[in-house]
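For reference, the structure is listed below as structure tokens.
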Amino acid sequence: MTQAVDLLSAPATIRPDILTSRQWNDLQTLAASLTASQALWVSGYLFALGGVSRTAVLDEPAPGIASATAAPVRTLTILYGSETGNSAALARALADRAGALGLPASAVDMAEYVPRRLKDAGDLLVITSTHGDGDPPQPAASLFEFLEGPKAPRLSDVRYAVLALGDSSYEHFCEAGKRLDRRLEALGATRLHARVDCDVDFDASASSWTDAVLATLASSTSPTGVAAGRDGRVAVAPAAVVVDRQHPLAATVVGNFALTGRGSTKETRHVELSFPEGGLTFTPGDALGIVVRNDPQVVNQLIESLALSGHTPVTLAKRVTTLADALTNDYEIATVTPRFIDVWAEITGAQDLERLTTTEGAADRAALIRTHHVIDLIERYPVPGISAETLLKALRPLTPRLYSIASSLSVVPDEVHLTVAVVRYTLHGRARTGVASGHLADRCSTGEALPVYVQTNPHFRLPADDLPILMIGAGTGVAPYRAFLQEREARGGPGRSWLVFGERHFRTDFLYQTEWQDLLKRGVLTRLDVAFSRDAADKIYVQHRLVEQARDVFDWLEDGAHVYVCGDATRMAPDVDEALVTIVECAGGRDRDAAVEYVHALQQSHRYQRDVY
């Protein structure tokens, strides 16, 4: 069994001169309280923190340390790239499990990692999502740029494994993880385990990958192996009760009303949920995950189109239920996925569907996914006599929906507020509604309980209270700024604040108008600029307002302002990015390359943060 270092009985020569007496006493006290596995974890943590070998600290082996520990011990680093928090949560859980097995590990955000340390990483586990259609998460962009650039070092001494998260409805599924996997191999690193690509229902795949990787590491890392208890079994502390994606909390709807006015071409709602005291903890910038249910009407349409019975019993992983219940609570029945196309092509034998399963048909497959729902394909390619089990095999699990939190616990301690854009459109002659937004708008009355959890977003955070903030958002992208300003007022923060908000029409779509005006009067909000794109012949968006105020925007940047962008990732966010470059060029007197580098430096220093979707 691995022995902990007994610093209390170690010779005095073990103490380096760089430690003060107080540090030495603190270290002795800590060491005396540690179990063997805890001591091993702490040694690995200090190794990673200081970047030096443990053996360099000791002049000679201390009594009580097995001679086998003199062999080099590989460090274990878990890097994560996350946009919504899923990769981060998986990385932290993996680090906890590794530590319980006597494998000291640190979970590190790619945004915080020093790239030059990669060559000394030892064992490297990478968990990354893919943003949009093949891009890395925005906080991880710099690390990707370094790894894929000419300055990337050879990684001959590194062993690695990659877990990729993605959404199979996108053409470039899990592309960010695939890019890292290919690049690490090209740089000479040794693959510990094959890359696993996870769809939005990633829990089972991620768990299997974690089990396999930890088993490999436990058997091949240090000669000391796994730290065991006196009975020979691994001692794992019981997990604390948490609220997360797998264990949501029931929150009660206490408010649900339209923010948009009569005649608006959009429907945006304000939803308020209450929860038991202390049930949820969140910070302005975080998101709320809602465990959703499908529209019963759509469920019935799907069942009837296949001539099935909703009462048909089906067996799921954790329970036996009916087909109607499974389709309502457990499966995605709107979005077409490559999995559905593969299964439906196989059971129908339709040649045009089979072509979509090939590499040559990738572009047409992506187009079909964008323009069809599951029921559209079922009606187009009917399958008489299909079983309920075959149908469920073609569908992927229903996943929670995330909404930016629009309130601060400092102001409303037992509530969480959301700003929800209701998705409604017509496709192939049939009215369609978003799964979560439709439920909140049409079927969610006051008093109803919704299963929820908090998805943290450490890359969208307020700075120190005295620093200025420039908040840019269109539509529901204004939600986190409501939380920001509530928090700032509660703290009494003196920092200036500037909101640039955009929507379609002033009269019907000025979300939270009276609140912003009241905050202006009280001095909590320093400045407000708006862009209503449909109120003039020439469409005006938030990026145009920024360029119009280029001199003031640049002055704020030079004064240390933190910039936030929240909203549409496809057009608004890139347009704002370009506007900032233009502002630095014009008002800052830089050339194009220098302006791009200026904006990039804002991102690197976490002064330019985005929450886009």
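Naming works like this for the structure tokens: A, B, ... for the chains as they're shown, residue 1 at the start of each chain, ligands 1 onward in shown order.
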
Margin query: With only C-alpha atoms as the counted atoms, please give the residues lying no more than 9 Å from range 168-178 of chain A, apart from itself and same-chain residues fewer than 5 positions off, as a PyMOL selection string.
Written below: chain A and resi 126-137+144+162-163+183+195-200+335-339+362-363+365-366+369-370

Check: Leaving out range 272-276 of chain A and any residue of its chain fewer than 4 positions from it, which residues lie within 12 Å of it when counting only C-alpha atoms, given as a VMD selection string?
Finding: chain A and resid 248 to 258 280 to 281 288 290 405 to 407 409 412 to 420 440 444 to 453

Item checked: DSSP helix (DSSP H, G or I) selection over range 128-374 of chain A, as a PyMOL selection string -> chain A and resi 138-147+175-186+203-220+296-305+323-329+338-348+351-356+362-371+374

Margin query: When you count only C-alpha atoms, which of these residues is closest to Ser208 in chain A: A:Ala479, A:His193, A:Asp559, A:Glu83?
Written below: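 Nearest to Ser208 in chain A: A:His193.
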
Note to self: Quick one: residues within 12 Å of Asp593 in chain A, only C-alpha atoms, excluding same-chain residues fewer than 6 positions away - as an NGL selection string?
What the structure shows: :A and (581-582 or 584-585 or 599-600)

Given the selection you just returned, output its residues as a file containing N, CA, C and O atoms, formatted as a PDB file, in the first residue's frame.
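Saved to again_28.pdb:
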ATOM      1  N   VAL A 581     -13.214  45.820 -34.635  1.00  0.00           N
ATOM      2  CA  VAL A 581     -11.964  46.001 -35.384  1.00  0.00           C
ATOM      3  C   VAL A 581     -11.988  47.335 -36.122  1.00  0.00           C
ATOM      4  O   VAL A 581     -11.004  48.093 -36.112  1.00  0.00           O
ATOM      5  N   THR A 582     -13.109  47.640 -36.759  1.00  0.00           N
ATOM      6  CA  THR A 582     -13.248  48.905 -37.485  1.00  0.00           C
ATOM      7  C   THR A 582     -13.089  50.102 -36.544  1.00  0.00           C
ATOM      8  O   THR A 582     -12.442  51.107 -36.887  1.00  0.00           O
ATOM      9  N   VAL A 584     -11.394  50.243 -33.724  1.00  0.00           N
ATOM     10  CA  VAL A 584      -9.992  50.395 -33.332  1.00  0.00           C
ATOM     11  C   VAL A 584      -9.178  50.988 -34.479  1.00  0.00           C
ATOM     12  O   VAL A 584      -8.275  51.804 -34.258  1.00  0.00           O
ATOM     13  N   GLU A 585      -9.502  50.588 -35.710  1.00  0.00           N
ATOM     14  CA  GLU A 585      -8.820  51.168 -36.871  1.00  0.00           C
ATOM     15  C   GLU A 585      -9.069  52.679 -36.958  1.00  0.00           C
ATOM     16  O   GLU A 585      -8.123  53.473 -37.083  1.00  0.00           O
ATOM     17  N   VAL A 599      -8.138  43.645 -30.727  1.00  0.00           N
ATOM     18  CA  VAL A 599      -9.357  42.945 -30.324  1.00  0.00           C
ATOM     19  C   VAL A 599      -9.019  41.549 -29.803  1.00  0.00           C
ATOM     20  O   VAL A 599      -9.611  41.077 -28.823  1.00  0.00           O
ATOM     21  N   HIS A 600      -8.055  40.900 -30.449  1.00  0.00           N
ATOM     22  CA  HIS A 600      -7.632  39.573 -29.988  1.00  0.00           C
ATOM     23  C   HIS A 600      -7.059  39.661 -28.574  1.00  0.00           C
ATOM     24  O   HIS A 600      -7.308  38.782 -27.733  1.00  0.00           O
TER      25      HIS A 600
END

Next item on the list: Would you mind writing down, as a count of residues only, each residue of range 457-538 of chain A that DSSP on the backbone assigns to strand (DSSP E or B)?
Entry: 19

Item checked: Counting only C-alpha atoms, the option among A:Val454, A:Arg401, A:Arg482, A:Ala536 closest to Phe506 in chain A -> A:Ala536

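Distances from A:Leu165, A:Ile540, A:Met471, A:Leu557 to Thr84 in chain A were compared using only C-alpha atoms, and the smallest one belongs to A:Leu165.
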
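Closest approach to Leu214 in chain A from the set A:Ala561, A:Ile78, A:Leu308, A:Val411 is made by A:Ile78, with distances taken over only C-alpha atoms.
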
Margin query: Between CA of Val596 in chain A and CA of Ala141 in chain A, what distance in Å does the model show, to one decimal?
Written below: 14.7 Å

Notebook entry, point to check: When you draw a straight line from CA of Tyr608 in chain A to CA of Asp538 in chain A, how long is it in Å?
Noted result: 28.7 Å

Item checked: Of the listed residues A:Ala121, A:Ile583, A:Ala474, A:Leu485, that which approaches Asp529 in chain A most closely, counting only C-alpha atoms ->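 Nearest to Asp529 in chain A: A:Ala474.
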
Checklist line | Residue among A:Ile347, A:Leu192, A:Tyr512, A:Val299 lying closest to Thr268 in chain A, counting only C-alpha atoms | finding: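 Checking each candidate against Thr268 in chain A, we get A:Tyr512 as the closest.
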
Env of Thr328 in chain A: 8 Å cut, atoms = only C-alpha atoms, seq-sep filter 4 positions within chain, self excluded. Answer as a PDB file with C-alpha atoms, in the first residue's frame.
ATOM      1  CA  ARG A 293     -41.249  17.642 -22.522  1.00  0.00           C
ATOM      2  CA  ASN A 294     -42.562  17.291 -26.056  1.00  0.00           C
ATOM      3  CA  ASP A 295     -45.926  18.662 -27.140  1.00  0.00           C
ATOM      4  CA  PRO A 296     -48.568  15.913 -26.618  1.00  0.00           C
ATOM      5  CA  VAL A 299     -46.513  12.975 -29.969  1.00  0.00           C
ATOM      6  CA  ALA A 324     -46.496   7.786 -25.570  1.00  0.00           C
TER       7      ALA A 324
END

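Here CA of Leu546 in chain A and CA of Asp518 in chain A stand 22.9 Å from one another.
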
Checklist line | Spatial neighbours of Leu147 in chain A, max dist 12 Å, only C-alpha atoms, sep filter under 5 positions, as number ranges by chain | finding: A: 110, 114-119, 140-142, 152-155, 179-187
